[in-house]
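This report refers to the structure that appears directly beneath it.
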Amino acid sequence: MILNRQEINENNILDTKTFEKVLKIEDYKTRQKAEEELYDISVELKKKTKFAKKYESYKTIFLNKYNTLNFGDKAPIPKLLGGEYYIENNCIYNYQSKKVCSQLIEPIAIYENIEEEKETIKCAFLKDGKWKTFISDRITLLHNGRIVSLTQKGVDVSTSNATLLVRYLQDILNLNRDVLEKKTSISRLGWYKDGFIPYDSEIEFDGEDNFRNSFNAICCKGDYKTWLDEMYEIRKNKIVKILHATSLASVLLRKLNKKPFVTMLWGTTGDGKTVAGMSAMSIWGKPTSGDLMFTLNNTDNFYYRTANFFCDLPMFCDELETYHGDVNKLIMNITEGIDRGKAKVDGGIEKNKTWNNAFIMTGEHSASNYNSGGGTLNRLIEINSDGKIIQNGSDVVNVITNNYGFAGKIFVEKIKDVDIKTLNKIYKLEYEELLKCSNTEEKQALNMALILLADALACEFIFTKEKPLNAKEVSEFMFTKDEIDVSQRAYEMILDECVLNKSRFLLSDCNSLKTPEGGYTGTGEFWGHINNYEITINKHKLEEILAKNGFSFKKTMKDWVKKGYVEKNSQGKNYTKTTVNGMKSYYVIIKKKGEDE
């Protein structure tokens, strides 16, 4: 007998003091035997019904107030109110003797996301003798189906104990809500109000685990002067300066209300493109793969999610040649700064992911081609390395992987003190100067002006021994109006195609369609006629070539008529039905423009 039978009688069997003697027994199995004895006594005293009702009611109140779970001194929180749960052999049980979890697990903090106004919970669990942590939204923790996903984090949960674990976590959260640490959190980097994440340390990161390495990579390590001396050396090449300025310009986009853009550096392998990109990211933190550097061998959705995470900080993507999708489409989408709308699994619409990044890309070939739309080119600054950019690549990598992160923090703190009107004024001056000294589109100049602004500020705050880049120095890296003009590129592409396939045409030195001087031999496809002034090409073949290269026939014809490359016939059509070499069909007559026109 655990209880003294002589001390319990019909006068005190229903007394809360009697209940407390049993409930204060710390060892669960001993307490359980004492409860059984108390129940037997209530039967003897013919008080069973009243006793059971009153005891169970008081037991719940007592346990919720006094029962503690002792997780051990090494746990993030050694003790929490335990309610109707107890720990035995590092497992959690409920008072129905059902095993809730075969490892210790406890909630340790409550995060309130400042942007999404949602609550997430930080939990700790004991795995292989070590305490580990994870952050999860409440829906996952308190949903029988979703909580099973925690197995990926190492939590011992399956369909057999999911319901019990959900109930346990909900109970422990409710019992300890007042004592758990409350933290303000965010799931991305960059500007928030007047602050900047992660430099404002009072705001915690509660985002996806996949991005935790990148979040932690935004930090300072090593010696600032060592890094700065190395940067002065490699910045003797203005291409490196442009990449650095692109990196710094990223944090200016939101302040100046500008859209994202891409700076693409391409050239032969071994010329230092990747090292140059890494040096641009070392401004902010650890510039290694998986931290602040990514390859382009990923899905488009990966880039949208990652851009949303970096938000205001630059994103560096290496090895364009490994990307298997449509590069033009990718550039258009990431520079829009917003993801497509998506429906939630449980109903409703997900909040659109947005970002304000500048993107740095490197690769062995150009991102632009014949069929790149004008919209794509206007969002792209493309630079051909045309030789070695960095001579001692391995030495530079050694420096920037051991010394990094100082300049970005300095730049952000300095920018906070610069008036927006001042930034806009410098930006406008750079923009106007670019338009004066280059034959480019306004949108192209807008992006390069951001780079010049960032470089000017960098030379004031960081690289104080240098002079800023000027418009003339960078004008060679901007697309001209003709290069951006889609219809002009279509025209030049068709001229090239006709030259490469001149054997498909009749050739003559006058306007005659009847007197061939060479070319077509009477076998294979026949495309038309070429003379000194114009190209007469089969309409169907022209449509085919344009479509193959990504151009719209209808829009191209409309633009060519405006430019005078094609004339409409008497019926107002931009093609005509005629006979060439005895072959009657519909042809388009394209005028050949001389170099002086």
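Every chain in the structure tokens has a letter given in the order shown (A, B, ...), and although residue numbers restart at 1 in each chain, ligands are simply numbered from 1 in the order shown.
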
Identify, with DSSP run on backbone atoms, the residues in stretch 256-392 of chain A assigned to helix (DSSP H, G or I), and express the list as a ChimeraX atom specification. /A:256,273-281,300-310,320-322,327-334,374-378

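Residues with any atom within 7 Å of A:Ala124, counting only C-alpha atoms and excluding same-chain neighbours fewer than 3 positions away, are Ile105, Glu106, Pro107, Ile108, Trp131, Lys132, Thr133 and Phe134 of chain A.
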
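For stretch 205-212 of chain A, the list of residues within 7 Å, based on only C-alpha atoms and with local chain neighbours fewer than 3 positions off taken out, reads Ile135, Ser185, Ile186, Ser187, Arg188, Phe215 and Asn216 of chain A.
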
Any chance you could export the current selection's N, CA and C atoms as a compact mmCIF listing (two decimals), in the first residue's frame?
```txt
# COMPACT_ATOMS: atom_id res chain seq x y z
N ILE A 135 11.78 25.55 -37.24
CA ILE A 135 10.68 26.52 -37.17
C ILE A 135 9.57 26.05 -38.09
N SER A 185 9.68 38.29 -36.38
CA SER A 185 10.40 37.54 -37.40
C SER A 185 10.04 38.01 -38.81
N ILE A 186 10.84 37.55 -39.77
CA ILE A 186 10.61 37.84 -41.18
C ILE A 186 11.21 36.67 -41.97
N SER A 187 10.70 36.46 -43.17
CA SER A 187 11.15 35.29 -43.94
C SER A 187 12.00 35.67 -45.15
N ARG A 188 12.55 36.89 -45.15
CA ARG A 188 13.37 37.33 -46.28
C ARG A 188 14.44 38.30 -45.80
N PHE A 215 20.89 32.98 -45.44
CA PHE A 215 20.63 34.01 -44.44
C PHE A 215 21.84 34.17 -43.52
N ASN A 216 22.37 33.03 -43.07
CA ASN A 216 23.53 33.07 -42.17
C ASN A 216 24.79 33.52 -42.88
```

To test your reading of the structure, identify every residue in stretch 124-211 of chain A that backbone DSSP assigns to strand (DSSP E), and report it as an NGL selection string. :A and (124-127 or 130-137 or 181-186 or 190-192 or 195-197 or 203-205)

Extract, using only C-alpha atoms, all DNA, RNA and protein residues at most 12 Å from A:Arg167, discarding same-chain residues fewer than 3 positions from it, and format them as a ChimeraX atom specification. /A:83-85,93-94,100-101,141-144,147,161-164,170-174

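One distance worth recording is that between atom CA of A:Phe553 and atom CA of A:Glu442, which is 26.3 Å.
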
Shell of 7 Å around stretch 42-55 of chain A, only C-alpha atoms, local chain residues under 6 positions omitted, as an MDAnalysis selection string: chainID A and resid 10 13:14 19

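Residues in contact range of A:Ser149, defined as at most 10 Å between only C-alpha atoms, with sequence neighbours fewer than 5 positions away removed, read Thr140, Leu141, Gly154, Val155, Val157 and Ser158 of chain A.
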
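The space separating atom CA of A:Phe294 from atom CA of A:Phe310 comes to 12.4 Å.
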
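The protein and nucleic acid residues lying at most 7 Å from A:Glu441 are Gln444, Ala445, Thr480 and Lys481 of chain A, with only C-alpha atoms considered and sequence neighbours fewer than 3 positions away removed.
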
From the options A:Asn12, A:Gly408, A:Ile2, A:Val327, which residue's atoms come nearest to A:Ile25, counting only C-alpha atoms? A:Ile2

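Proximity of A:Met264, A:Asn4, A:Asp194, A:Tyr404 to A:Met281, computed with only C-alpha atoms, is greatest for A:Tyr404.
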
Which residues of stretch 157-260 of chain A have any atom within 7 Å of an atom in stretch 347-367 of chain A when counting only C-alpha atoms, and what is the closest pair of atoms for each, with the distance in Å to one decimal? Order the rows by chain and rising number and write it as a Markdown table.
```
| residue | atom | partner | partner_atom | distance |
| --- | --- | --- | --- | --- |
| A:Thr246 | CA | A:Ala358 | CA | 6.4 |
| A:Ser247 | CA | A:Ala358 | CA | 6.7 |
| A:Ala249 | CA | A:Ala358 | CA | 6.9 |
| A:Ser250 | CA | A:Ala358 | CA | 4.7 |
| A:Leu253 | CA | A:Asn356 | CA | 6.1 |
| A:Arg254 | CA | A:Asn356 | CA | 6.2 |
| A:Lys259 | CA | A:Asn356 | CA | 6.6 |
| A:Pro260 | CA | A:Ala358 | CA | 5.2 |
```

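Taking atom CA of A:Ala471 as the reference point, atom CA of A:Ile451 is found at 10.3 Å.
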